[in-house]
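Shown next: query.txt, given as compact mmCIF, C-alpha atoms and all ligand atoms.
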# COMPACT_ATOMS: atom_id res chain seq x y z
CA MET A 160 7.65 -27.70 -19.27
CA ALA A 161 6.42 -24.12 -19.63
CA ASP A 162 5.80 -21.95 -16.59
CA THR A 163 2.47 -20.63 -15.37
CA LEU A 164 1.68 -16.97 -16.00
CA TYR A 165 -0.94 -14.88 -14.21
CA LEU A 166 -2.08 -11.58 -15.67
CA VAL A 167 -3.27 -9.46 -12.76
CA VAL A 168 -5.68 -6.66 -13.68
CA PRO A 169 -7.09 -4.27 -11.06
CA CYS A 170 -10.53 -3.00 -12.08
CA TYR A 171 -12.41 -0.08 -10.61
CA ASN A 172 -15.62 0.89 -12.41
CA GLU A 173 -14.35 -0.58 -15.64
CA GLU A 174 -17.58 -2.00 -17.14
CA GLN A 175 -16.94 -0.02 -20.32
CA VAL A 176 -13.57 -1.57 -21.02
CA LEU A 177 -13.86 -5.07 -19.55
CA PRO A 178 -15.41 -6.89 -22.54
CA GLU A 179 -12.69 -5.65 -24.89
CA THR A 180 -9.90 -6.07 -22.33
CA SER A 181 -10.84 -9.64 -21.48
CA LYS A 182 -11.13 -10.47 -25.17
CA ARG A 183 -7.70 -9.09 -26.02
CA LEU A 184 -6.03 -10.66 -23.00
CA THR A 185 -7.68 -14.02 -23.64
CA GLN A 186 -6.45 -13.99 -27.24
CA LYS A 187 -2.95 -13.16 -26.06
CA LEU A 188 -2.86 -15.80 -23.33
CA GLN A 189 -4.43 -18.48 -25.53
CA THR A 190 -1.80 -17.89 -28.23
CA MET A 191 0.94 -18.18 -25.65
CA ILE A 192 -0.54 -21.40 -24.24
CA ASP A 193 -0.97 -22.85 -27.74
CA SER A 194 2.62 -22.08 -28.67
CA GLY A 195 3.82 -23.69 -25.47
CA THR A 196 5.32 -20.45 -24.12
CA VAL A 197 3.30 -20.65 -20.92
CA HIS A 198 1.53 -23.45 -19.06
CA ALA A 199 -2.14 -24.20 -19.73
CA GLN A 200 -2.95 -23.32 -16.12
CA SER A 201 -2.11 -19.68 -16.78
CA ARG A 202 -4.95 -17.29 -15.98
CA ILE A 203 -6.19 -13.72 -16.26
CA LEU A 204 -7.01 -12.54 -12.74
CA LEU A 205 -9.47 -9.65 -12.74
CA VAL A 206 -9.48 -7.89 -9.37
CA ASN A 207 -12.63 -5.95 -8.59
CA ASP A 208 -11.62 -3.06 -6.35
CA GLY A 209 -15.04 -2.33 -4.84
CA SER A 210 -16.52 -1.01 -8.08
CA ARG A 211 -19.85 0.77 -7.95
CA ASP A 212 -20.94 -0.27 -11.42
CA ARG A 213 -21.51 -3.73 -12.92
CA THR A 214 -17.80 -4.63 -13.01
CA TRP A 215 -18.11 -7.58 -10.60
CA GLU A 216 -21.23 -8.99 -12.32
CA MET A 217 -19.32 -8.83 -15.58
CA ILE A 218 -16.31 -10.58 -14.07
CA CYS A 219 -18.63 -13.36 -12.82
CA GLU A 220 -20.16 -13.74 -16.29
CA LEU A 221 -16.74 -13.76 -17.94
CA HIS A 222 -15.52 -16.36 -15.46
CA ALA A 223 -18.50 -18.59 -16.24
CA GLN A 224 -17.94 -18.37 -20.01
CA ASN A 225 -14.19 -18.26 -20.22
CA PRO A 226 -11.99 -20.87 -18.54
CA LEU A 227 -8.94 -18.57 -18.66
CA ILE A 228 -10.57 -15.89 -16.48
CA SER A 229 -10.42 -15.83 -12.69
CA GLY A 230 -12.02 -13.17 -10.52
CA LEU A 231 -11.11 -11.68 -7.17
CA LYS A 232 -13.45 -9.42 -5.25
CA LEU A 233 -12.22 -7.04 -2.58
CA SER A 234 -14.66 -6.17 0.18
CA ARG A 235 -14.53 -2.47 -0.75
CA ASN A 236 -12.52 0.07 -2.74
CA LYS A 237 -8.94 0.05 -1.49
CA GLY A 238 -7.19 1.85 -4.32
CA HIS A 239 -5.09 0.74 -7.26
CA GLN A 240 -1.95 -0.26 -5.31
CA ASN A 241 -3.79 -2.39 -2.77
CA ALA A 242 -5.96 -4.01 -5.44
CA LEU A 243 -2.80 -4.86 -7.34
CA LEU A 244 -1.17 -6.29 -4.23
CA ALA A 245 -4.27 -8.38 -3.44
CA GLY A 246 -4.15 -9.81 -6.97
CA LEU A 247 -0.43 -10.51 -6.86
CA MET A 248 -0.59 -12.15 -3.44
CA THR A 249 -3.50 -14.32 -4.54
CA ALA A 250 -1.64 -15.31 -7.70
CA MET A 251 1.65 -16.00 -5.87
CA PRO A 252 0.97 -19.62 -4.81
CA LEU A 253 -0.66 -20.44 -8.16
CA CYS A 254 1.86 -19.04 -10.63
CA ASP A 255 5.53 -18.97 -11.59
CA MET A 256 5.32 -15.38 -12.80
CA ALA A 257 2.74 -12.61 -12.70
CA ILE A 258 2.31 -9.55 -14.89
CA SER A 259 0.36 -6.57 -13.58
CA LEU A 260 -1.43 -4.34 -16.05
CA ASP A 261 -4.23 -1.79 -16.15
CA ALA A 262 -7.75 -2.66 -17.23
CA ASP A 263 -7.89 0.11 -19.81
CA LEU A 264 -5.28 -1.45 -22.14
CA GLN A 265 -3.16 1.69 -22.12
CA ASP A 266 -0.24 -0.69 -21.79
CA ASP A 267 0.53 -2.48 -25.02
CA VAL A 268 -0.52 -6.13 -24.59
CA ASP A 269 1.99 -7.36 -27.16
CA VAL A 270 4.85 -6.41 -24.87
CA ILE A 271 3.89 -9.39 -22.70
CA ASP A 272 5.91 -11.64 -25.03
CA GLY A 273 8.98 -9.49 -24.36
CA PHE A 274 8.38 -9.69 -20.60
CA VAL A 275 8.09 -13.47 -20.66
CA ALA A 276 11.17 -13.80 -22.86
CA GLU A 277 13.18 -11.83 -20.29
CA TYR A 278 11.75 -14.08 -17.56
CA TYR A 279 13.02 -17.15 -19.38
CA ASN A 280 16.35 -15.35 -19.71
CA GLY A 281 16.56 -15.50 -15.94
CA CYS A 282 15.13 -12.15 -14.86
CA ASP A 283 12.95 -12.02 -11.76
CA VAL A 284 11.58 -8.55 -12.39
CA VAL A 285 10.84 -7.01 -15.79
CA TYR A 286 9.82 -3.35 -15.90
CA GLY A 287 7.69 -1.94 -18.67
CA VAL A 288 8.98 1.53 -19.50
CA ARG A 289 7.10 4.00 -21.67
CA ASN A 290 8.90 5.25 -24.76
CA LYS A 291 7.02 8.49 -25.10
CA ARG A 292 4.16 10.02 -23.24
CA ASP A 293 2.37 11.88 -26.01
CA THR A 294 -0.97 10.32 -25.07
CA ASP A 295 -0.77 12.09 -21.71
CA THR A 296 -1.69 15.73 -21.24
CA VAL A 297 1.13 18.29 -21.12
CA PHE A 298 0.34 18.82 -17.46
CA LYS A 299 0.60 15.13 -16.57
CA ARG A 300 3.82 14.82 -18.55
CA THR A 301 5.60 17.75 -16.91
CA THR A 302 4.44 16.81 -13.40
CA ALA A 303 5.58 13.24 -14.02
CA VAL A 304 9.04 14.40 -15.14
CA GLY A 305 9.25 16.63 -12.06
CA PHE A 306 8.18 13.78 -9.80
CA TYR A 307 10.80 11.33 -11.07
CA LYS A 308 13.50 14.03 -10.87
CA PHE A 309 12.54 14.84 -7.29
CA MET A 310 12.50 11.17 -6.27
CA LYS A 311 15.93 10.66 -7.83
CA ALA A 312 17.26 13.75 -6.03
CA LEU A 313 15.99 12.29 -2.75
CA GLY A 314 17.97 9.17 -3.48
CA VAL A 315 15.01 6.86 -4.10
CA ASP A 316 15.81 4.08 -6.53
CA ILE A 317 12.95 4.30 -9.01
CA VAL A 318 12.66 3.28 -12.65
CA GLU A 319 11.78 6.35 -14.69
CA ASN A 320 8.58 6.30 -16.76
CA HIS A 321 7.65 2.92 -15.40
CA ALA A 322 4.01 2.61 -14.38
CA ASP A 323 2.78 -0.54 -12.72
CA TYR A 324 3.20 -2.63 -15.87
CA ARG A 325 5.71 -5.27 -14.87
CA LEU A 326 6.48 -8.95 -14.57
CA MET A 327 7.49 -10.52 -11.28
CA SER A 328 8.65 -14.08 -10.73
CA LYS A 329 7.32 -16.20 -7.90
CA ARG A 330 10.33 -15.51 -5.71
CA ALA A 331 10.14 -11.78 -6.40
CA LEU A 332 6.50 -11.96 -5.29
CA GLN A 333 7.58 -13.81 -2.17
CA GLY A 334 10.06 -11.00 -1.57
CA LEU A 335 7.28 -8.48 -2.02
CA SER A 336 5.12 -10.30 0.52
CA GLU A 337 7.78 -9.59 3.16
CA PHE A 338 7.15 -5.85 2.84
CA THR A 339 4.32 -5.30 5.26
CA GLU A 340 3.96 -1.53 5.13
CA VAL A 341 0.42 -0.23 4.97
CA ASN A 342 1.28 2.76 2.76
CA LEU A 343 2.17 0.92 -0.34
CA PHE A 344 4.14 2.44 -3.19
CA LEU A 345 4.96 -0.54 -5.39
CA ARG A 346 7.18 1.38 -7.81
CA GLY A 347 9.52 2.20 -4.96
CA ILE A 348 9.37 -1.20 -3.26
CA VAL A 349 9.95 -3.51 -6.21
CA PRO A 350 13.53 -2.25 -6.88
CA LEU A 351 14.28 -2.91 -3.19
CA ILE A 352 13.51 -6.61 -3.61
CA GLY A 353 16.62 -7.02 -5.71
CA TYR A 354 17.27 -9.98 -8.07
CA LYS A 355 18.12 -9.65 -11.73
CA SER A 356 15.85 -7.25 -13.60
CA ALA A 357 15.34 -6.02 -17.13
CA VAL A 358 13.52 -3.18 -18.86
CA VAL A 359 11.22 -3.57 -21.84
CA LYS A 360 10.16 -0.42 -23.70
CA TYR A 361 6.68 0.15 -25.08
CA ASP A 362 4.36 2.88 -26.31
CA ARG A 363 1.49 3.78 -24.07
CA HIS A 364 -1.88 4.11 -25.78
CA GLU A 365 -4.86 6.26 -25.03
CA ARG A 366 -7.47 4.85 -22.64
CA PHE A 367 -9.94 3.42 -25.18
CA ALA A 368 -13.10 3.87 -23.09
CA GLY A 369 -14.20 5.24 -19.77
CA GLU A 370 -12.29 7.91 -17.93
CA SER A 371 -9.16 8.01 -15.78
CA LYS A 372 -9.63 6.87 -12.20
CA TYR A 373 -6.68 9.04 -11.23
CA PRO A 374 -7.92 12.60 -11.03
CA LEU A 375 -5.43 15.32 -10.07
CA LYS A 376 -6.19 15.03 -6.36
CA LYS A 377 -5.48 11.28 -6.27
CA MET A 378 -2.38 11.74 -8.42
CA LEU A 379 -0.93 14.34 -6.05
CA ALA A 380 -1.74 12.19 -3.01
CA PHE A 381 0.00 9.27 -4.73
CA ALA A 382 3.11 11.33 -5.46
CA PHE A 383 3.20 12.66 -1.91
CA ASP A 384 2.84 9.15 -0.48
CA GLY A 385 5.65 8.00 -2.69
CA ILE A 386 7.98 10.70 -1.42
CA THR A 387 7.15 10.47 2.28
CA SER A 388 7.16 6.68 2.50
CA PHE A 389 10.59 6.42 0.98
CA SER A 390 12.60 9.29 2.27
CA VAL A 391 13.13 11.22 5.48
CA LYS A 392 15.15 13.81 3.56
CA PRO A 393 12.45 16.50 3.89
CA ILE A 394 12.94 16.27 7.67
CA ARG A 395 16.71 16.68 7.25
CA ILE A 396 16.18 19.67 4.97
CA ILE A 397 14.01 21.25 7.66
CA THR A 398 16.66 20.70 10.32
CA THR A 399 19.32 22.31 8.13
CA LEU A 400 16.99 25.17 7.34
CA GLY A 401 16.33 25.62 11.04
CA PHE A 402 20.06 25.83 11.76
CA VAL A 403 20.71 28.31 8.99
CA ILE A 404 17.87 30.58 10.09
CA PHE A 405 19.01 30.33 13.70
CA ALA A 406 22.55 31.34 12.72
CA ILE A 407 21.28 34.29 10.70
CA SER A 408 19.06 35.44 13.55
CA MET A 409 22.05 35.25 15.95
CA LEU A 410 24.09 37.52 13.67
CA ALA A 411 21.15 39.87 13.39
CA LEU A 412 20.88 39.94 17.17
CA VAL A 413 24.55 40.84 17.56
CA TYR A 414 24.11 43.58 14.97
CA ALA A 415 21.02 44.93 16.74
CA LEU A 416 22.86 44.93 20.09
CA ILE A 417 25.78 46.87 18.62
CA VAL A 418 23.40 49.42 17.11
CA TRP A 419 21.63 49.70 20.45
CA LEU A 420 24.87 50.14 22.40
CA MET A 421 25.88 52.89 20.02
CA GLY A 422 22.68 54.62 20.99
CA LYS A 423 21.19 54.64 17.55
CA THR A 424 17.73 53.17 17.90
CA VAL A 425 16.46 51.96 14.62
CA ALA A 426 12.89 52.31 13.51
CA GLY A 427 12.90 48.69 12.45
CA TRP A 428 9.21 48.04 12.34
CA THR A 429 9.23 46.59 8.80
CA THR A 430 12.01 44.11 9.44
CA LEU A 431 10.44 43.10 12.73
CA VAL A 432 7.04 42.37 11.29
CA GLY A 433 8.61 40.76 8.25
CA SER A 434 10.75 38.39 10.25
CA ILE A 435 7.92 37.44 12.60
CA TRP A 436 5.82 36.43 9.65
CA MET A 437 8.65 34.67 7.91
CA ILE A 438 9.68 32.62 10.93
CA GLY A 439 6.05 31.89 11.73
CA GLY A 440 5.51 30.66 8.21
CA ILE A 441 8.60 28.49 8.21
CA GLN A 442 7.65 26.99 11.55
CA LEU A 443 4.20 26.14 10.35
CA LEU A 444 5.60 24.56 7.22
CA CYS A 445 8.03 22.47 9.24
CA LEU A 446 5.33 21.39 11.64
CA GLY A 447 3.19 20.38 8.72
CA VAL A 448 5.89 18.21 7.18
CA ILE A 449 6.76 16.60 10.51
CA GLY A 450 3.07 16.03 11.07
CA GLU A 451 2.93 14.19 7.74
CA TYR A 452 5.51 11.73 8.94
CA ILE A 453 3.80 11.29 12.30
CA GLY A 454 0.57 10.66 10.44
CA LYS A 455 2.39 8.06 8.42
CA ILE A 456 3.72 6.36 11.55
CA TYR A 457 0.23 6.43 13.00
CA GLY A 458 -1.08 4.68 9.91
CA GLU A 459 1.68 2.07 10.03
CA VAL A 460 1.50 1.17 13.73
CA LYS A 461 -2.17 0.37 13.44
CA ARG A 462 -1.27 -2.53 11.16
CA ARG A 463 -4.63 -2.48 9.51
CA PRO A 464 -5.17 -5.02 6.73
CA ARG A 465 -4.42 -3.59 3.33
CA TYR A 466 -7.33 -5.39 1.72
CA ILE A 467 -9.97 -7.97 2.58
CA ILE A 468 -10.93 -10.58 0.04
CA GLU A 469 -14.64 -11.19 -0.27
CA ASP A 470 -14.70 -13.71 -3.08
CA PHE A 471 -12.32 -15.65 -5.30
CA LEU A 472 -13.49 -17.30 -8.50
CA GLN A 473 -10.56 -19.53 -9.34
N1 LIG B 1 -7.93 1.33 -10.19
C1 LIG B 1 -8.28 0.56 -9.08
N2 LIG B 1 -8.72 1.19 -7.96
C2 LIG B 1 -8.84 2.55 -7.86
C3 LIG B 1 -8.45 3.33 -8.99
C4 LIG B 1 -8.00 2.68 -10.14
O1 LIG B 1 -8.19 -0.66 -9.11
O2 LIG B 1 -9.26 3.04 -6.81
C5 LIG B 1 -7.45 0.66 -11.43
C6 LIG B 1 -8.18 1.02 -12.70
O3 LIG B 1 -9.33 0.23 -12.88
C7 LIG B 1 -7.13 0.75 -13.76
C8 LIG B 1 -5.82 1.07 -13.04
O4 LIG B 1 -6.12 1.06 -11.64
O5 LIG B 1 -7.08 -0.61 -14.14
C9 LIG B 1 -5.23 2.41 -13.44
O6 LIG B 1 -6.22 3.42 -13.36
P1 LIG B 1 -6.45 4.47 -14.52
O7 LIG B 1 -6.30 3.84 -15.85
O8 LIG B 1 -7.76 5.14 -14.27
O9 LIG B 1 -5.27 5.48 -14.22
P2 LIG B 1 -4.39 6.30 -15.31
O10 LIG B 1 -3.97 5.34 -16.36
O11 LIG B 1 -5.30 7.35 -15.84
O12 LIG B 1 -3.25 6.86 -14.51
MG MG B 2 -5.15 4.21 -17.42

Would you write the structure of this file as structure tokens?
Amino acid sequence: MADTLYLVVPCYNEEQVLPETSKRLTQKLQTMIDSGTVHAQSRILLVNDGSRDRTWEMICELHAQNPLISGLKLSRNKGHQNALLAGLMTAMPLCDMAISLDADLQDDVDVIDGFVAEYYNGCDVVYGVRNKRDTDTVFKRTTAVGFYKFMKALGVDIVENHADYRLMSKRALQGLSEFTEVNLFLRGIVPLIGYKSAVVKYDRHERFAGESKYPLKKMLAFAFDGITSFSVKPIRIITTLGFVIFAISMLALVYALIVWLMGKTVAGWTTLVGSIWMIGGIQLLCLGVIGEYIGKIYGEVKRRPRYIIEDFLQ
């Protein structure tokens, strides 16, 4: 007996791409059901992340016409990661495996077969990894490379060039549900779940309609969240830096005392002003980074819900 697959698709203002996306995904899923690869109860779960356009109305229409389409409506916009989590957690009791993918079909739909094959091979997590990134701008490409390098250097276990296109088995999803942090960075959490995993390579396409919902500001915030929720290394670096600067200032003090005892007063105005500014700057920087972590703790202790489900069209 074949297993049940859920395709989880977060959608934020995606009215331009939804007709095409649902058509392509339906074709894919129907073929897989017909060939007996997946169970007939498999579904496409479209998650409306508080869209301001007609996305939800379209999901309702699609659900009425197409038996393979389910819809989930969040009470407001909660961001890509939370929308994805809401979809995965809703799918968990209903499926044996779930694949998350973007609404804009940038991720090659035909790779789904490869994902499912790996699942039947006994993998609980299958990561989609991009072959090349030539559809991205030079800026996005270089920042992405820098980001993955930095994360690796901080010791965070992260799959390079893997966006949120992945398959997770039911028990991997159950593992994921145990992670209750409010600041969610799925790419960092999924490797922590463990189990056997595999990587499937694919080429990422251009977004075929509409525009990116990840402008630079959101992308930077996402990268920053990723770093600060997975590593306290920046704090350690600050401590080390503090020690080094303290040691240097001690040596400088000894030197200044010797000069003073020898009766040679130095007109050290430049160094004085320079060091005041430098230390002041470093202190501010350190305070800022520490503040980031405190802010993070503040966000976590509140235990606010990560999403609220308004409607579920099963
Ligand atoms: N998305 C979402 N909520 C948001 C922003 C984006 O659910 O607040 C969805 C969006 O509809 C898409 C996916 O997240 O399915 C990835 O967004 P996008 O394609 O705009 O990002 P990019 O591929 O440009 O990084
Ligand atoms: Mg996209």

Near range 397-401 of chain A, within 7 Å and counting all atoms listed in the file, which residues show up once chain neighbours fewer than 4 positions away are dropped, as a compact mmCIF listing (two decimals) with C-alpha atoms, in the coordinates of the input?
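Result file follows (part_5.txt):
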# COMPACT_ATOMS: atom_id res chain seq x y z
CA PRO A 393 12.45 16.50 3.89
CA PHE A 405 19.01 30.33 13.70
CA CYS A 445 8.03 22.47 9.24

Exercise. How would you write, as a VMD selection string, the set of residues no farther than 9 Å from ligand LIG 1 (chain B) when counting only C-alpha atoms and all ligand atoms?
Worked result: chain A and resid 168 to 173 206 to 210 236 to 243 260 to 266 295 322 to 323 365 to 366 369 to 374 377 to 378

For this session: Considering only C-alpha atoms, return as an MDAnalysis selection string whatever protein or nucleic-acid residues lie within 12 Å of Gln224 in chain A, sequence-local ones (same chain, fewer than 6 positions apart) excluded.
Result: chainID A and resid 181:182 185 217:218

Seminar exercise, completed: Judged by all atoms listed in the file, the minimum distance to ligand MG 2 (chain B) among A:Gly230, A:Phe383, A:Leu472, A:Tyr324 is found for A:Tyr324

Problem set entry | Given only C-alpha atoms and all ligand atoms as the counted atoms, nearest of A:Arg462, A:Lys392, A:Arg346, A:His364 to ligand MG 2 (chain B) | A:His364

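Taking CA of Leu420 in chain A and CA of Ser434 in chain A as endpoints, the distance between them is 22.0 Å.
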
Exercise. What separation in Å, quoted to one decimal, exists between CA of Thr339 in chain A and CA of Leu379 in chain A?
Worked result: 23.3 Å

Exercise. Just how far from CA of Glu469 in chain A is CA of Ala382 in chain A, in Å to one decimal?
Worked result: 29.1 Å

Problem set entry | Who sits within 6 Å of Arg289 in chain A, all atoms listed in the file, same chain under 2 positions skipped, as a VMD selection string | chain A and resid 291 320 360 to 362

Exercise. Which residue out of A:His198, A:His321, A:Lys355, A:Arg363 has the minimum interatomic distance to ligand MG 2 (chain B) when only C-alpha atoms and all ligand atoms are used?
Worked result: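 The answer is A:Arg363, which sits nearest to ligand MG 2 (chain B).
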
Given 6 Å on each side, where is the centre and what are the edge lengths in Å to one decimal of the axis-aligned box enclosing the listed atoms of range 186-192 of chain A, as JSON?
{"center_x": -2.8, "center_y": -17.3, "center_z": -25.8, "size_x": 19.4, "size_y": 20.2, "size_z": 16.9}

List every residue of range 210-326 of chain A that has an atom at most 8 Å from any atom of range 199-205 of chain A, giving for each one its closest atom pair and the distance in Å to one decimal, counting all atoms listed in the file, sorted by chain and then by ascending residue number, as JSON lines.
{"residue": "A:Ile218", "atom": "CA", "partner": "A:Leu205", "partner_atom": "CA", "distance": 7.0}
{"residue": "A:Leu227", "atom": "CA", "partner": "A:Arg202", "partner_atom": "CA", "distance": 5.0}
{"residue": "A:Ile228", "atom": "CA", "partner": "A:Ile203", "partner_atom": "CA", "distance": 4.9}
{"residue": "A:Ser229", "atom": "CA", "partner": "A:Leu204", "partner_atom": "CA", "distance": 4.7}
{"residue": "A:Gly230", "atom": "CA", "partner": "A:Leu205", "partner_atom": "CA", "distance": 4.9}
{"residue": "A:Leu231", "atom": "CA", "partner": "A:Leu205", "partner_atom": "CA", "distance": 6.2}
{"residue": "A:Gly246", "atom": "CA", "partner": "A:Leu204", "partner_atom": "CA", "distance": 7.0}
{"residue": "A:Ala250", "atom": "CA", "partner": "A:Leu204", "partner_atom": "CA", "distance": 7.9}
{"residue": "A:Cys254", "atom": "CA", "partner": "A:Ser201", "partner_atom": "CA", "distance": 7.3}

Name the residues in contact with Tyr452 in chain A at a cut-off of 9 Å, using only C-alpha atoms, excluding same-chain residues fewer than 5 positions from it; report them as an mmCIF file with C-alpha atoms, in the coordinates of the input.
data_model
loop_
_atom_site.group_PDB
_atom_site.id
_atom_site.type_symbol
_atom_site.label_atom_id
_atom_site.label_comp_id
_atom_site.auth_asym_id
_atom_site.auth_seq_id
_atom_site.Cartn_x
_atom_site.Cartn_y
_atom_site.Cartn_z
ATOM 1 C CA THR A 387 7.150 10.470 2.280
ATOM 2 C CA SER A 388 7.160 6.680 2.500
ATOM 3 C CA VAL A 391 13.130 11.220 5.480
ATOM 4 C CA ILE A 394 12.940 16.270 7.670
ATOM 5 C CA GLY A 447 3.190 20.380 8.720
ATOM 6 C CA TYR A 457 0.230 6.430 13.000
#

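Remark: for Ile258 in chain A, the closest of the candidate residues A:Pro178, A:Pro464, A:Gly314, A:Gly273 is A:Gly273 (distances computed over only C-alpha atoms).
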
Exercise. Taking only C-alpha atoms into account, which of A:Ile386, A:Cys219, A:Ile417, A:Val448 comes nearest Tyr307 in chain A?
Worked result: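 The closest residue to Tyr307 in chain A is A:Ile386.
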
Exercise. So which residues touch Gly353 in chain A within 12 Å, counting all atoms listed in the file, skipping near sequence neighbours fewer than 3 positions away, as number ranges by chain?
Worked result: A: 282-285, 316, 327-328, 330-335, 347-350, 356-357
